[in-house]
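Shown here: protein_22.cif, mmCIF, C-alpha atoms, pLDDT in the B column; chains and numbers go by the auth columns.
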```
data_my_file
#
loop_
_atom_site.group_PDB
_atom_site.id
_atom_site.type_symbol
_atom_site.label_atom_id
_atom_site.label_comp_id
_atom_site.label_asym_id
_atom_site.label_seq_id
_atom_site.Cartn_x
_atom_site.Cartn_y
_atom_site.Cartn_z
_atom_site.B_iso_or_equiv
_atom_site.auth_seq_id
_atom_site.auth_asym_id
ATOM 1 C CA MET A 1 185.172 91.487 87.717 46.00 1 J
ATOM 2 C CA GLU A 2 182.176 89.367 86.882 59.00 2 J
ATOM 3 C CA ASP A 3 184.353 87.060 84.762 65.00 3 J
ATOM 4 C CA GLU A 4 186.514 86.237 87.802 72.00 4 J
ATOM 5 C CA ARG A 5 183.508 84.849 89.652 72.00 5 J
ATOM 6 C CA LYS A 6 182.165 82.792 86.765 75.00 6 J
ATOM 7 C CA SER A 7 182.672 79.054 87.164 77.00 7 J
ATOM 8 C CA SER A 8 184.833 77.321 84.635 88.00 8 J
ATOM 9 C CA ASN A 9 183.635 74.194 82.872 91.00 9 J
ATOM 10 C CA ALA A 10 186.445 72.210 84.472 90.00 10 J
ATOM 11 C CA GLY A 11 185.468 73.494 87.913 90.00 11 J
ATOM 12 C CA GLU A 12 181.841 72.585 87.375 92.00 12 J
ATOM 13 C CA ARG A 13 182.800 69.074 86.219 92.00 13 J
ATOM 14 C CA ALA A 14 185.048 68.656 89.258 92.00 14 J
ATOM 15 C CA ALA A 15 182.262 69.777 91.595 92.00 15 J
ATOM 16 C CA GLU A 16 179.830 67.366 89.963 94.00 16 J
ATOM 17 C CA GLY A 17 182.392 64.573 90.340 94.00 17 J
ATOM 18 C CA LEU A 18 182.743 65.343 94.050 94.00 18 J
ATOM 19 C CA ARG A 19 178.967 65.358 94.543 93.00 19 J
ATOM 20 C CA GLU A 20 178.671 62.032 92.729 95.00 20 J
ATOM 21 C CA ALA A 21 181.509 60.475 94.740 94.00 21 J
ATOM 22 C CA ALA A 22 179.941 61.659 98.006 91.00 22 J
ATOM 23 C CA SER A 23 176.576 60.260 96.955 90.00 23 J
ATOM 24 C CA ASN A 24 178.112 56.908 96.043 92.00 24 J
ATOM 25 C CA ASP A 25 180.020 56.790 99.329 91.00 25 J
ATOM 26 C CA GLU A 26 176.862 57.592 101.293 87.00 26 J
ATOM 27 C CA ALA A 27 174.926 54.863 99.460 90.00 27 J
ATOM 28 C CA LYS A 28 177.705 52.364 100.188 91.00 28 J
ATOM 29 C CA ASN A 29 177.690 53.251 103.898 86.00 29 J
ATOM 30 C CA GLU A 30 173.898 53.066 104.099 85.00 30 J
ATOM 31 C CA SER A 31 173.994 49.649 102.464 88.00 31 J
ATOM 32 C CA LYS A 32 176.675 48.435 104.851 88.00 32 J
ATOM 33 C CA MET A 33 174.810 49.770 107.910 82.00 33 J
ATOM 34 C CA ARG A 34 171.471 48.473 106.567 84.00 34 J
ATOM 35 C CA HIS A 35 169.701 51.761 107.300 82.00 35 J
ATOM 36 C CA ASP A 36 169.651 55.271 105.881 82.00 36 J
ATOM 37 C CA LEU A 37 171.909 57.931 107.304 76.00 37 J
ATOM 38 C CA ALA A 38 170.234 60.863 109.003 75.00 38 J
ATOM 39 C CA LYS A 39 169.565 63.845 106.742 79.00 39 J
ATOM 40 C CA GLY A 40 169.247 67.585 107.344 77.00 40 J
ATOM 41 C CA ALA A 41 168.770 68.748 110.931 78.00 41 J
ATOM 42 C CA ASP A 42 168.876 65.179 112.247 75.00 42 J
ATOM 43 C CA ARG A 43 172.273 64.685 110.632 74.00 43 J
ATOM 44 C CA PHE A 44 173.576 67.933 112.130 74.00 44 J
ATOM 45 C CA GLU A 45 172.411 66.881 115.588 73.00 45 J
ATOM 46 C CA GLU A 46 173.952 63.425 115.178 71.00 46 J
ATOM 47 C CA ARG A 47 177.297 64.869 114.089 71.00 47 J
ATOM 48 C CA SER A 48 177.334 67.550 116.787 73.00 48 J
ATOM 49 C CA LYS A 49 177.320 65.036 119.626 71.00 49 J
ATOM 50 C CA SER A 50 180.724 64.575 121.166 63.00 50 J
ATOM 51 C CA SER A 51 182.194 61.648 123.036 61.00 51 J
ATOM 52 C CA ASP A 52 180.279 62.623 126.171 71.00 52 J
ATOM 53 C CA GLY A 53 176.986 62.134 124.303 71.00 53 J
ATOM 54 C CA LYS A 54 175.816 65.717 124.676 72.00 54 J
ATOM 55 C CA SER A 55 174.746 67.791 121.716 70.00 55 J
ATOM 56 C CA ALA A 56 175.875 71.357 121.147 67.00 56 J
ATOM 57 C CA GLY A 57 172.481 72.654 122.336 71.00 57 J
ATOM 58 C CA GLU A 58 172.652 70.672 125.583 73.00 58 J
ATOM 59 C CA LYS A 59 176.122 72.019 126.326 70.00 59 J
ATOM 60 C CA GLN A 60 175.011 75.628 125.811 73.00 60 J
ATOM 61 C CA LYS A 61 172.176 75.251 128.315 70.00 61 J
ATOM 62 C CA THR A 62 174.597 74.479 131.150 61.00 62 J
#
```

Kindly present the structure from the file in structure tokens form.
Amino acid sequence: MEDERKSSNAGERAAEGLREAASNDEAKNESKMRHDLAKGADRFEERSKSSDGKSAGEKQKT
């Protein structure tokens, strides 16, 4: 059963490729926007805002 959960070399290379592509894409966007994208909790809060401008936390309070 343990063998079924073990990552394959191809899977690990694919995951690394995805991480690298995401990093490159983020760097390209930051360069285009001329500022860094929010990271961590700030990024979550930024992404959680909907078109009405309220965050998920603000909506739960009402």

> What separation in Å, quoted to one decimal, exists between CA of Glu58 in chain J and CA of Ala41 in chain J?
Replying inline: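 Answer for the CA of Glu58 in chain J to CA of Ala41 in chain J separation: 15.3 Å.
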
Draw an axis-aligned box tight on the listed atoms of range 14-19 of chain J, then pad every side by 5 Å and write out centre and edge lengths in Å to one decimal as AutoDock Vina command-line options.
```
--center_x 182.0 --center_y 67.2 --center_z 91.9 --size_x 16.1 --size_y 15.2 --size_z 15.3
```

>> I want to know what sits within 10 Å of Ala27 in chain J, based on only C-alpha atoms, with residues of the same chain fewer than 6 positions away left out; could you give that as a list in words?
In response: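 Residues near the query, excluding close chain neighbours: Ala21, Met33, His35, Asp36 and Leu37 of chain J.
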
> Do you have the CA of Ser23 in chain J-CA of Gly40 in chain J distance handy?
Replying inline: 14.7 Å

>> What's the separation between CA of Arg19 in chain J and CA of Asp42 in chain J, in Å to one decimal place?
In response: 20.4 Å
